[in-house]
Structure formats: structure tokens, C-alpha cells
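> Next up, entry27.txt (compact mmCIF, C-alpha atoms (C1' of nucleotides)).
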```txt
# COMPACT_ATOMS: atom_id res chain seq x y z
CA MET B 1 0.20 -38.05 21.24
CA ASP B 2 -1.89 -35.48 23.04
CA GLN B 3 -1.14 -32.24 21.22
CA GLU B 4 -3.02 -30.21 23.82
CA GLN B 5 -0.17 -30.36 26.27
CA LEU B 6 2.76 -30.05 23.90
CA LYS B 7 5.08 -27.36 25.20
CA LEU B 8 7.21 -25.21 22.96
CA GLY B 9 10.34 -26.89 24.28
CA ASP B 10 9.07 -30.28 23.08
CA PHE B 11 8.97 -29.31 19.43
CA LEU B 12 11.80 -30.83 17.42
CA CYS B 13 11.20 -28.23 14.71
CA PHE B 14 11.73 -25.48 17.26
CA ALA B 15 14.94 -27.10 18.50
CA VAL B 16 16.23 -27.10 14.92
CA TYR B 17 14.99 -23.57 14.25
CA SER B 18 16.55 -22.07 17.36
CA THR B 19 19.78 -24.04 16.99
CA GLY B 20 20.15 -22.60 13.50
CA HIS B 21 20.00 -19.14 15.05
CA ALA B 22 22.45 -20.18 17.75
CA PHE B 23 24.92 -21.31 15.07
CA ASN B 24 24.48 -18.00 13.32
CA ARG B 25 25.32 -16.11 16.49
CA VAL B 26 28.53 -18.10 16.89
CA TYR B 27 29.48 -17.66 13.23
CA LYS B 28 28.75 -13.95 13.04
CA PRO B 29 31.78 -12.48 14.88
CA ILE B 30 34.05 -14.95 13.08
CA LEU B 31 32.68 -14.24 9.60
CA ASP B 32 32.50 -10.50 10.27
CA ARG B 33 36.29 -10.53 10.13
CA LEU B 34 36.05 -12.00 6.61
CA GLY B 35 33.34 -9.53 5.62
CA ILE B 36 30.79 -12.18 4.65
CA THR B 37 27.55 -13.55 6.09
CA TYR B 38 26.78 -17.16 6.94
CA PRO B 39 24.82 -17.97 3.75
CA GLN B 40 27.56 -16.27 1.75
CA TYR B 41 30.11 -18.47 3.55
CA LEU B 42 28.16 -21.58 2.55
CA VAL B 43 28.19 -20.46 -1.08
CA MET B 44 31.94 -19.88 -0.87
CA VAL B 45 32.44 -23.35 0.64
CA ALA B 46 30.47 -24.80 -2.27
CA LEU B 47 32.63 -22.89 -4.75
CA TRP B 48 35.92 -23.80 -3.04
CA GLU B 49 34.75 -27.35 -3.41
CA ARG B 50 33.92 -26.90 -7.10
CA ASP B 51 34.44 -23.68 -9.01
CA GLY B 52 32.32 -22.54 -11.94
CA GLN B 53 28.98 -23.96 -10.77
CA THR B 54 25.75 -22.58 -12.14
CA VAL B 55 23.26 -20.74 -9.94
CA GLY B 56 21.02 -23.79 -10.14
CA GLN B 57 23.74 -26.18 -9.04
CA ILE B 58 24.58 -24.04 -6.03
CA GLY B 59 20.90 -23.84 -5.21
CA GLU B 60 20.59 -27.60 -5.36
CA SER B 61 23.50 -28.07 -2.95
CA LEU B 62 22.22 -25.42 -0.54
CA PHE B 63 18.48 -26.05 -0.97
CA LEU B 64 17.98 -22.42 -1.98
CA GLU B 65 16.00 -20.79 -4.79
CA SER B 66 17.38 -18.44 -7.43
CA SER B 67 15.33 -15.69 -5.82
CA THR B 68 17.57 -16.05 -2.77
CA LEU B 69 20.83 -16.72 -4.57
CA THR B 70 20.79 -14.07 -7.28
CA PRO B 71 20.94 -11.09 -4.88
CA LEU B 72 23.40 -12.92 -2.60
CA LEU B 73 25.71 -13.70 -5.52
CA LYS B 74 25.53 -10.10 -6.67
CA ARG B 75 26.71 -9.03 -3.23
CA LEU B 76 29.57 -11.54 -3.38
CA GLU B 77 30.42 -10.14 -6.81
CA THR B 78 30.33 -6.55 -5.52
CA ALA B 79 32.65 -7.65 -2.69
CA GLY B 80 35.01 -9.02 -5.34
CA HIS B 81 34.86 -12.69 -4.35
CA VAL B 82 33.17 -14.08 -7.46
CA ARG B 83 32.52 -13.35 -11.11
CA ARG B 84 29.11 -14.04 -12.70
CA GLU B 85 29.21 -15.11 -16.32
CA ARG B 86 26.60 -16.39 -18.75
CA ASP B 87 27.42 -19.86 -20.02
CA SER B 88 28.36 -19.49 -23.69
CA ARG B 89 26.84 -22.85 -24.65
CA ASP B 90 23.59 -22.24 -22.76
CA GLU B 91 22.95 -18.57 -22.28
CA ARG B 92 20.17 -19.28 -19.79
CA GLN B 93 22.68 -20.41 -17.22
CA VAL B 94 24.94 -18.19 -15.17
CA ARG B 95 28.20 -19.69 -13.99
CA ILE B 96 29.84 -18.45 -10.81
CA HIS B 97 33.62 -18.29 -10.83
CA LEU B 98 35.95 -17.52 -7.94
CA THR B 99 38.19 -14.49 -8.32
CA GLU B 100 41.71 -14.32 -6.90
CA LYS B 101 40.24 -12.62 -3.85
CA GLY B 102 37.63 -15.34 -3.52
CA ARG B 103 40.28 -18.05 -3.65
CA ALA B 104 42.45 -16.13 -1.17
CA LEU B 105 39.51 -16.01 1.24
CA GLN B 106 39.73 -19.78 1.64
CA ALA B 107 43.07 -19.45 3.41
CA GLN B 108 41.72 -16.73 5.68
CA ALA B 109 38.75 -18.97 6.49
CA LYS B 110 40.73 -22.12 7.17
CA ASP B 111 40.28 -21.94 10.95
CA VAL B 112 36.53 -21.30 10.87
CA PRO B 113 35.46 -24.97 11.16
CA SER B 114 37.69 -25.58 14.18
CA CYS B 115 36.29 -22.46 15.89
CA ILE B 116 32.79 -23.79 15.36
CA PHE B 117 33.83 -27.24 16.49
CA GLU B 118 35.15 -25.76 19.72
CA ALA B 119 31.87 -23.89 20.24
CA THR B 120 29.82 -27.08 20.08
CA GLY B 121 31.73 -28.60 22.99
CA LYS B 122 31.02 -32.07 21.57
CA SER B 123 33.24 -34.87 20.37
CA ILE B 124 33.86 -35.34 16.68
CA GLU B 125 32.13 -38.71 16.84
CA GLU B 126 29.02 -37.23 18.39
CA LEU B 127 28.88 -34.40 15.86
CA ILE B 128 29.25 -36.80 12.94
CA ARG B 129 26.47 -39.02 14.28
CA LEU B 130 24.19 -36.06 14.98
CA GLN B 131 24.90 -34.62 11.54
CA ALA B 132 23.89 -37.89 9.88
CA GLU B 133 20.68 -38.11 11.90
CA ILE B 134 19.67 -34.56 11.04
CA VAL B 135 20.42 -35.14 7.35
CA SER B 136 18.22 -38.22 7.49
CA LEU B 137 15.46 -36.12 9.05
CA ARG B 138 15.87 -33.50 6.34
CA ALA B 139 15.63 -36.18 3.66
CA ALA B 140 12.37 -37.45 5.18
CA LEU B 141 10.92 -33.92 5.25
CA ASP B 142 12.00 -33.33 1.65
CA ARG B 143 10.26 -36.55 0.62
CA TYR B 144 6.99 -35.57 2.29
CA GLU B 145 4.31 -34.47 -0.16
CA GLY B 146 1.54 -33.39 2.19
CA PRO B 147 -1.22 -35.27 4.02
CA ASP B 148 -3.32 -35.89 0.90
CA ALA B 149 -0.65 -36.80 -1.59
CA LYS B 150 -2.13 -40.27 -2.03
CA LYS B 151 -5.38 -38.84 -3.35
CA VAL B 152 -3.79 -37.30 -6.46
CA MET W 1 40.55 -32.27 11.49
CA ASP W 2 41.75 -31.25 8.07
CA GLN W 3 39.50 -28.35 7.15
CA GLU W 4 40.86 -28.27 3.60
CA GLN W 5 38.76 -31.23 2.53
CA LEU W 6 35.59 -30.54 4.46
CA LYS W 7 32.67 -30.80 2.07
CA LEU W 8 29.50 -28.78 2.47
CA GLY W 9 27.57 -31.93 3.32
CA ASP W 10 29.84 -32.56 6.30
CA PHE W 11 28.92 -29.36 8.11
CA LEU W 12 26.63 -29.96 11.06
CA CYS W 13 25.65 -26.29 10.97
CA PHE W 14 24.55 -26.70 7.37
CA ALA W 15 22.53 -29.79 8.24
CA VAL W 16 20.73 -27.78 10.91
CA TYR W 17 20.33 -24.74 8.67
CA SER W 18 18.89 -26.68 5.74
CA THR W 19 16.69 -28.85 7.95
CA GLY W 20 15.17 -25.69 9.40
CA HIS W 21 14.21 -24.70 5.86
CA ALA W 22 12.88 -28.18 5.17
CA PHE W 23 10.63 -27.94 8.25
CA ASN W 24 9.41 -24.58 7.02
CA ARG W 25 8.47 -26.05 3.65
CA VAL W 26 6.42 -28.77 5.36
CA TYR W 27 4.76 -26.28 7.70
CA LYS W 28 3.91 -23.69 5.07
CA PRO W 29 0.93 -25.33 3.32
CA ILE W 30 -0.46 -26.40 6.69
CA LEU W 31 -0.12 -22.98 8.32
CA ASP W 32 -1.30 -21.20 5.17
CA ARG W 33 -4.74 -22.60 5.96
CA LEU W 34 -4.55 -20.90 9.36
CA GLY W 35 -3.27 -17.68 7.83
CA ILE W 36 -0.09 -17.52 9.93
CA THR W 37 3.62 -18.07 9.35
CA TYR W 38 5.88 -20.49 11.18
CA PRO W 39 7.41 -17.93 13.58
CA GLN W 40 3.91 -16.61 14.25
CA TYR W 41 2.80 -20.17 15.01
CA LEU W 42 5.62 -20.51 17.55
CA VAL W 43 4.49 -17.31 19.26
CA MET W 44 0.92 -18.60 19.36
CA VAL W 45 2.09 -21.90 20.86
CA ALA W 46 3.93 -19.92 23.55
CA LEU W 47 0.77 -17.90 24.26
CA TRP W 48 -1.53 -20.94 24.29
CA GLU W 49 0.85 -22.31 26.88
CA ARG W 50 0.77 -19.10 28.93
CA ASP W 51 -1.32 -16.06 28.04
CA GLY W 52 -0.37 -12.49 28.88
CA GLN W 53 3.40 -12.82 28.50
CA THR W 54 5.53 -9.76 27.90
CA VAL W 55 7.45 -9.28 24.66
CA GLY W 56 10.63 -10.02 26.58
CA GLN W 57 9.31 -13.29 27.98
CA ILE W 58 8.25 -14.48 24.55
CA GLY W 59 11.65 -13.48 23.22
CA GLU W 60 13.38 -15.46 25.93
CA SER W 61 11.38 -18.60 25.11
CA LEU W 62 11.91 -18.24 21.38
CA PHE W 63 15.46 -16.82 21.44
CA LEU W 64 14.31 -13.77 19.49
CA GLU W 65 14.95 -10.04 19.89
CA SER W 66 12.31 -7.35 20.26
CA SER W 67 13.37 -6.08 16.85
CA THR W 68 12.03 -9.34 15.44
CA LEU W 69 9.03 -9.75 17.71
CA THR W 70 7.54 -6.26 17.67
CA PRO W 71 6.66 -6.26 13.96
CA LEU W 72 5.57 -9.92 14.11
CA LEU W 73 3.27 -9.23 17.08
CA LYS W 74 1.82 -6.23 15.28
CA ARG W 75 0.95 -8.51 12.37
CA LEU W 76 -0.68 -11.01 14.74
CA GLU W 77 -2.61 -8.09 16.23
CA THR W 78 -3.71 -6.89 12.80
CA ALA W 79 -4.86 -10.44 12.05
CA GLY W 80 -6.93 -10.29 15.25
CA HIS W 81 -5.18 -13.09 17.14
CA VAL W 82 -3.66 -11.03 19.96
CA ARG W 83 -4.01 -7.77 21.83
CA ARG W 84 -0.94 -5.68 22.80
CA GLU W 85 -1.27 -3.79 26.06
CA ARG W 86 1.15 -1.77 28.17
CA ASP W 87 1.54 -3.22 31.65
CA SER W 88 -0.10 -0.75 34.05
CA ARG W 89 2.45 -1.42 36.81
CA ASP W 90 5.46 -1.13 34.52
CA GLU W 91 4.68 0.91 31.45
CA ARG W 92 7.89 -0.21 29.78
CA GLN W 93 6.53 -3.68 29.31
CA VAL W 94 3.98 -4.73 26.71
CA ARG W 95 1.84 -7.73 27.54
CA ILE W 96 0.46 -9.91 24.77
CA HIS W 97 -3.04 -11.30 25.34
CA LEU W 98 -4.90 -13.82 23.21
CA THR W 99 -8.18 -12.65 21.71
CA GLU W 100 -11.18 -14.94 21.24
CA LYS W 101 -9.98 -15.52 17.70
CA GLY W 102 -6.50 -16.32 18.94
CA ARG W 103 -7.85 -18.87 21.41
CA ALA W 104 -10.09 -20.35 18.72
CA LEU W 105 -7.07 -20.81 16.50
CA GLN W 106 -5.72 -23.40 18.92
CA ALA W 107 -8.55 -25.78 18.07
CA GLN W 108 -7.98 -25.27 14.35
CA ALA W 109 -4.28 -25.96 14.86
CA LYS W 110 -4.72 -29.08 16.97
CA ASP W 111 -3.70 -31.49 14.20
CA VAL W 112 -0.60 -29.58 13.15
CA PRO W 113 1.86 -31.49 15.36
CA SER W 114 0.66 -34.87 14.12
CA CYS W 115 0.97 -33.70 10.50
CA ILE W 116 4.56 -32.71 11.17
CA PHE W 117 5.19 -35.94 13.04
CA GLU W 118 3.99 -37.88 10.02
CA ALA W 119 6.28 -35.87 7.75
CA THR W 120 9.38 -36.80 9.75
CA GLY W 121 8.77 -40.51 9.20
CA LYS W 122 10.55 -41.25 12.49
CA SER W 123 9.43 -42.92 15.68
CA ILE W 124 8.41 -40.82 18.66
CA GLU W 125 11.33 -42.23 20.62
CA GLU W 126 13.82 -41.23 17.97
CA LEU W 127 12.37 -37.72 17.67
CA ILE W 128 12.48 -37.21 21.44
CA ARG W 129 16.08 -38.36 21.58
CA LEU W 130 17.10 -36.21 18.61
CA GLN W 131 15.29 -33.21 20.08
CA ALA W 132 17.21 -33.56 23.34
CA GLU W 133 20.53 -33.84 21.55
CA ILE W 134 19.88 -30.76 19.45
CA VAL W 135 18.78 -28.78 22.51
CA SER W 136 22.02 -29.82 24.20
CA LEU W 137 23.94 -28.59 21.17
CA ARG W 138 22.06 -25.29 21.25
CA ALA W 139 22.86 -24.87 24.93
CA ALA W 140 26.56 -25.40 24.20
CA LEU W 141 26.50 -22.83 21.40
CA ASP W 142 24.65 -20.35 23.64
CA ARG W 143 27.32 -20.82 26.30
CA TYR W 144 30.16 -20.14 23.89
CA GLU W 145 31.71 -16.70 24.30
CA GLY W 146 34.18 -16.62 21.43
CA PRO W 147 37.74 -17.91 21.01
CA ASP W 148 39.31 -15.18 23.16
CA ALA W 149 36.85 -15.05 26.03
CA LYS W 150 39.53 -16.23 28.44
CA LYS W 151 41.69 -13.18 27.73
CA VAL W 152 39.12 -10.71 29.07
C1' DT T 1 14.26 15.23 45.29
C1' DG T 2 17.05 15.13 41.28
C1' DC T 3 20.45 13.07 38.34
C1' DC T 4 21.97 9.11 36.05
C1' DA T 5 22.14 4.25 34.97
C1' DT T 6 19.35 0.54 33.65
C1' DT T 7 15.61 -1.74 31.46
C1' DA T 8 11.80 -2.74 27.94
C1' DT T 9 10.20 -1.99 23.68
C1' DA T 10 10.32 0.19 19.20
C1' DT T 11 12.61 1.78 14.96
C1' DC T 12 15.80 1.44 11.15
C1' DG T 13 18.79 -0.64 7.74
C1' DC T 14 20.47 -4.68 5.75
C1' DG T 15 20.58 -9.46 4.34
C1' DT T 16 18.25 -13.47 3.84
C1' DG T 17 14.33 -16.82 2.12
C1' DC T 18 10.56 -17.81 -0.78
C1' DG T 19 6.28 -17.84 -3.84
C1' DA T 20 4.66 -15.80 -7.92
C1' DT T 21 5.76 -13.81 -11.97
C1' DT T 22 8.71 -12.22 -15.80
C1' DT T 23 12.27 -12.56 -19.23
C1' DA T 24 15.20 -14.80 -22.23
C1' DA T 25 17.11 -18.94 -24.18
C1' DT T 26 16.72 -23.65 -25.49
C1' DA T 27 14.17 -27.91 -26.61
C1' DT T 28 10.40 -30.21 -28.87
C1' DC T 29 7.24 -31.44 -32.11
C1' DG T 30 4.31 -31.07 -36.09
C1' DC C 1 11.22 -24.29 -40.10
C1' DG C 2 8.20 -22.26 -36.84
C1' DA C 3 4.95 -22.34 -33.01
C1' DT C 4 4.88 -23.89 -28.44
C1' DA C 5 6.61 -25.89 -24.19
C1' DT C 6 10.21 -26.03 -21.03
C1' DT C 7 14.01 -24.33 -18.47
C1' DA C 8 17.26 -20.95 -15.91
C1' DA C 9 17.75 -16.65 -13.82
C1' DA C 10 16.06 -12.49 -12.38
C1' DT C 11 12.56 -9.49 -10.29
C1' DC C 12 9.10 -8.25 -6.93
C1' DG C 13 6.64 -8.23 -2.60
C1' DC C 14 6.45 -9.83 1.93
C1' DA C 15 8.05 -11.71 6.38
C1' DC C 16 11.62 -12.69 9.17
C1' DG C 17 16.10 -11.89 12.12
C1' DC C 18 19.38 -9.02 14.10
C1' DG C 19 22.71 -5.18 15.38
C1' DA C 20 22.65 -0.50 16.40
C1' DT C 21 20.18 3.07 18.00
C1' DA C 22 16.23 5.68 19.90
C1' DT C 23 12.59 6.38 23.20
C1' DA C 24 10.37 6.07 27.34
C1' DA C 25 9.81 4.30 32.02
C1' DT C 26 11.84 2.70 36.20
C1' DG C 27 15.45 2.13 39.73
C1' DG C 28 19.19 3.67 42.51
C1' DC C 29 21.83 6.67 44.86
C1' DA C 30 23.62 11.08 46.67
```
Please lay out the structure from this file as C-alpha cells.

Amino acid sequence: MDQEQLKLGDFLCFAVYSTGHAFNRVYKPILDRLGITYPQYLVMVALWERDGQTVGQIGESLFLESSTLTPLLKRLETAGHVRRERDSRDERQVRIHLTEKGRALQAQAKDVPSCIFEATGKSIEELIRLQAEIVSLRAALDRYEGPDAKKV
Amino acid sequence: MDQEQLKLGDFLCFAVYSTGHAFNRVYKPILDRLGITYPQYLVMVALWERDGQTVGQIGESLFLESSTLTPLLKRLETAGHVRRERDSRDERQVRIHLTEKGRALQAQAKDVPSCIFEATGKSIEELIRLQAEIVSLRAALDRYEGPDAKKV
DNA sequence: TGCCATTATATCGCGTGCGATTTAATATCG
DNA sequence: CGATATTAAATCGCACGCGATATAATGGCA
């Protein structure tokens, strides 16, 4: 690999980075109608899947820190989609519960995935395969401990 | 496609989104030593490839708006890596030129791609293939005009 | 030439993201 | 039981990223 002649377009990281932005641009007009942002949508998807998760559990699913989630969850609370409640058995934890409005949002959002699917212009099979490959890449990156991890 | 049972982990967009963050986490300790951030690194790569680009040209390569680039370029200028200069023939444009320090940074950054390559744990062939597929996905998303584009 | 549309960059406000630190609650261990 | 370590969220500062808007320069057309 001769790094000297690597062009921007050759970087896999850049492909991922810019495709993330491209997804965001497709999502934005759709989610604007629901009054939420893309990260907020992901949190709602996680809660529709399982209500009453702690901040830490949501962070683990989304690979986000509490410093990102706390303000985001407060905005979702202000918007009336969730309730934030200290766990009575462990007061360190904050559990996030869907409100009626938050549950109702799921119905309004039911067509979002098919809109996004249409935007990709790919077959389901291809998307599933690509998704798995990217997840495998993410797992490898998460495992990586730095170039001198062996020396510790 | 039954959206009702789509789990977070099934979303291709989420795979891309979270993998972008994972890349950032791998890049951070490496780029910290160079004193730049990941988006700043991308701008430097673009300039090492071709010096003297306008803000708009850089934005086109990186899919970023001037509202993102202007502050970032000012930080690179403050750090001494680039010079910002109005084009004398068209005073609307601002051309970004590498300084000596900015050119010197390329040598210091020469091992970055191989560090990242190592972190992915994949073969070159697989990375090239995956890169092409993701770029193709990005192109499709960029082409998409919204669900009611036909009605215009 | 003069008016107006267009173009390039900059500015502003808002919402992420995260590292470092703080705060408060729980667990552990003598 | 009490001091200390650990853990979960929250807070803070900084850097994106973008839509909307502003500013300034250029282009086009009567």
C-alpha cells in the first residue's frame, strides 16, 4: 500500500462518513414531519422495541455516551415523547418510558423504513448483505485497541 | 417488509451511522498526535491531493457546506496548516493554500492509512469492494429527491 | 450603464458527539 | 459499620454539520 497516492475517494472511512450524511439528508424531510431528528428517531426505535430502558442500555445499543444522550432525552421529554424517571431500586439509573404520544409516534413513523428503502434503490438482499458486512467492520473497529496494545 | 418488527440492528442506516463513529474512535488517538480532528484530516488529504482549492471545491469533494467548512478552515489556519486567500480574479471565492507546516504534516501522517487498515482487520480486496458498494449506496441516496418528486 | 439575479462565502442558531470532570448512589472490604 | 472504590448520569467545553439568512462580488440583460 503506497499511502502517498491515496485519493480521498479511496478511503473507506470517508465513504462511510459521507454516506452517513447522505442518509441524514434523506431522513431529514421525512422526520421533520414527525418533529424529531435522526438520532432521536433511533432512540425512539430502541424504545419501541423495549420500553423502560436505562440511559446506559440505550447508549449501549446506539454506541453513544451519556453526555450525548442526556440532552437528547431531555429534548424528547420536552417534546412529550418520553418520561425520565429514576429507578427506585437503583437511584443512580434513569429509566426512559414512552408516553402515550411517544407510542402514538410509532404509527406515524411506520412508513419511514420503506421510504428509506426506496431511496437506496437497492434490493432487500443486497441491503441485508451490505448491512452485515458493515456491522462486521464496525465490530472489528470496536475490537481494535491501538497499534501498541500488545506492549501493555 | 413488515416495519413493525424491524429491530435497531437491522437498519442499514444505523450500521453506517455507528460505523462512522467507530472509525472516529479509531482515528482520534492517532490524529490527536497530529493535533487535528478527523474532518480536518479529510480536508488536509484533499489539499495534499490538490493545493489551492476553493472552499466550494473542498465542499464538493467532502459533501460539506460552507457553514461547516468556514469555521473548520479557520481553525486549520489558526493551527498554521493553511492560508485562506481571496481569489484575485473572483473575489467571492476563497482559495485554501497549504503552508510549509501543512505540507510537513503529510509526512507525519503517512502511516495513518496503514494504522486504520490494520484496525479494520479485513483484506485489501474486501475493503475495496466494500468501499465501492458504499459509494454506490451514497450515490443512490444523493440521487433521491423525496417520495413525491414525480408530482412536481 | 444600471438594475437585478446569481453565486461564493460567512454568520447564526440548534442539535449532535465526545472526553474530562462532577455528583450522587451503590458496592466492597476491613 | 464506615471508609473507600465503583458505577450511572449529568455537566461542561469544544468541534462538527446543516438550514436559513446575510453579505459581497459577479453576471446578464435591457
> Report as JSON, numbers by chain all protein, DNA and RNA residues lying within 12 Å of Glu133 in chain B, evaluated on only C-alpha atoms (C1' of nucleotides), omitting residues in the same chain fewer than 5 positions from it.
{"B": [126, 127, 128, 138, 139, 140], "W": [12, 15, 16, 19, 120, 122, 126, 127, 129, 130, 131, 133, 134]}
> Once you count only C-alpha atoms (C1' of nucleotides), which residues of chain T turn out to be within 8 Å of chain W? Could you give them as a compact mmCIF listing (two decimals) with C-alpha atoms (C1' of nucleotides), keeping the file's coordinate frame?

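Output saved as out_10.txt:
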```
# COMPACT_ATOMS: atom_id res chain seq x y z
C1' DA T 8 11.80 -2.74 27.94
C1' DT T 9 10.20 -1.99 23.68
C1' DA T 10 10.32 0.19 19.20
```
> Give as a PyMOL selection string each residue that has an atom at most 12 Å from (-8.3, -23.3, 14.8) in the file, counting only C-alpha atoms (C1' of nucleotides).
chain W and resi 30-31+33-36+41+44+48+81+100-112
> Determine which residues of chain C sit within 10 Å of chain W, taking into account all atoms listed in the file, and present them as number ranges by chain.
C: 15-19, 24-26
> For CA of Arg83 in chain B and CA of His97 in chain B, determine how far apart the two atoms are, in Å to one decimal place.
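Rounded to one decimal, the two atoms are 5.1 Å apart.
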> Would you mind listing what lies within 10 Å of DG13 in chain T as a list in words, with all atoms listed in the file counted and same-chain residues fewer than 2 positions away left out?
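Counting only the stated atoms, we get DT11 and DG15 of chain T; DG19 and DA20 of chain C.
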> Any idea what the distance is between CA of Asn24 in chain B and CA of Ile96 in chain B?
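That distance, rounded to one decimal, is 24.7 Å.
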> Could you give me, as a list in words, the residues within 9 Å of DT28 in chain T, counting all atoms listed in the file and dropping anything in the same chain fewer than 3 positions from it?
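Here the qualifying residues turn out to be DT4, DA5 and DT6 of chain C.
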> Compare B:Gln57, B:Gln40, B:Ser114, B:Thr78 by their minimum atom-to-atom distance to chain W, counting all atoms listed in the file, and give me the closest one.
B:Ser114
> Quick one, how far is CA of Leu42 in chain B from CA of Tyr17 in chain B?
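Computed distance, CA of Leu42 in chain B to CA of Tyr17 in chain B, equals 17.7 Å.
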> Given the choices W:Cys115, W:Ile124, W:Val43, W:Leu62, which gets closest to Ala22 in chain B if the distance is worked out from all atoms listed in the file?
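With all atoms listed in the file as the atom set, the closest residue is W:Leu62.
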> Could you work out an axis-aligned bounding box for all listed atoms of range 10-27 of chain W, with 6 Å added on each of the six sides, and give its centre and edge lengths in Å to one decimal, as lines of an AutoDock Vina configuration file?

```
center_x = 17.3
center_y = -28.6
center_z = 7.4
size_x = 37.1
size_y = 20.0
size_z = 19.4
```
> With only C-alpha atoms as the basis for distance, which of W:Asp51, W:Asp10, W:Asp32, W:Glu60 is at the shortest distance from chain B?
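When distances to chain B are compared using only C-alpha atoms, the smallest one comes from W:Asp10.
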> In terms of the shortest atom-to-atom distance over only C-alpha atoms, which of W:Arg50, W:Arg95, W:Lys7, W:Lys28 is closest to chain B?
W:Lys7
> Measuring atom to atom with only C-alpha atoms, identify which of B:Tyr144, B:Phe63, B:Phe23, B:Phe14 is nearest to Ala46 in chain W.
B:Phe14
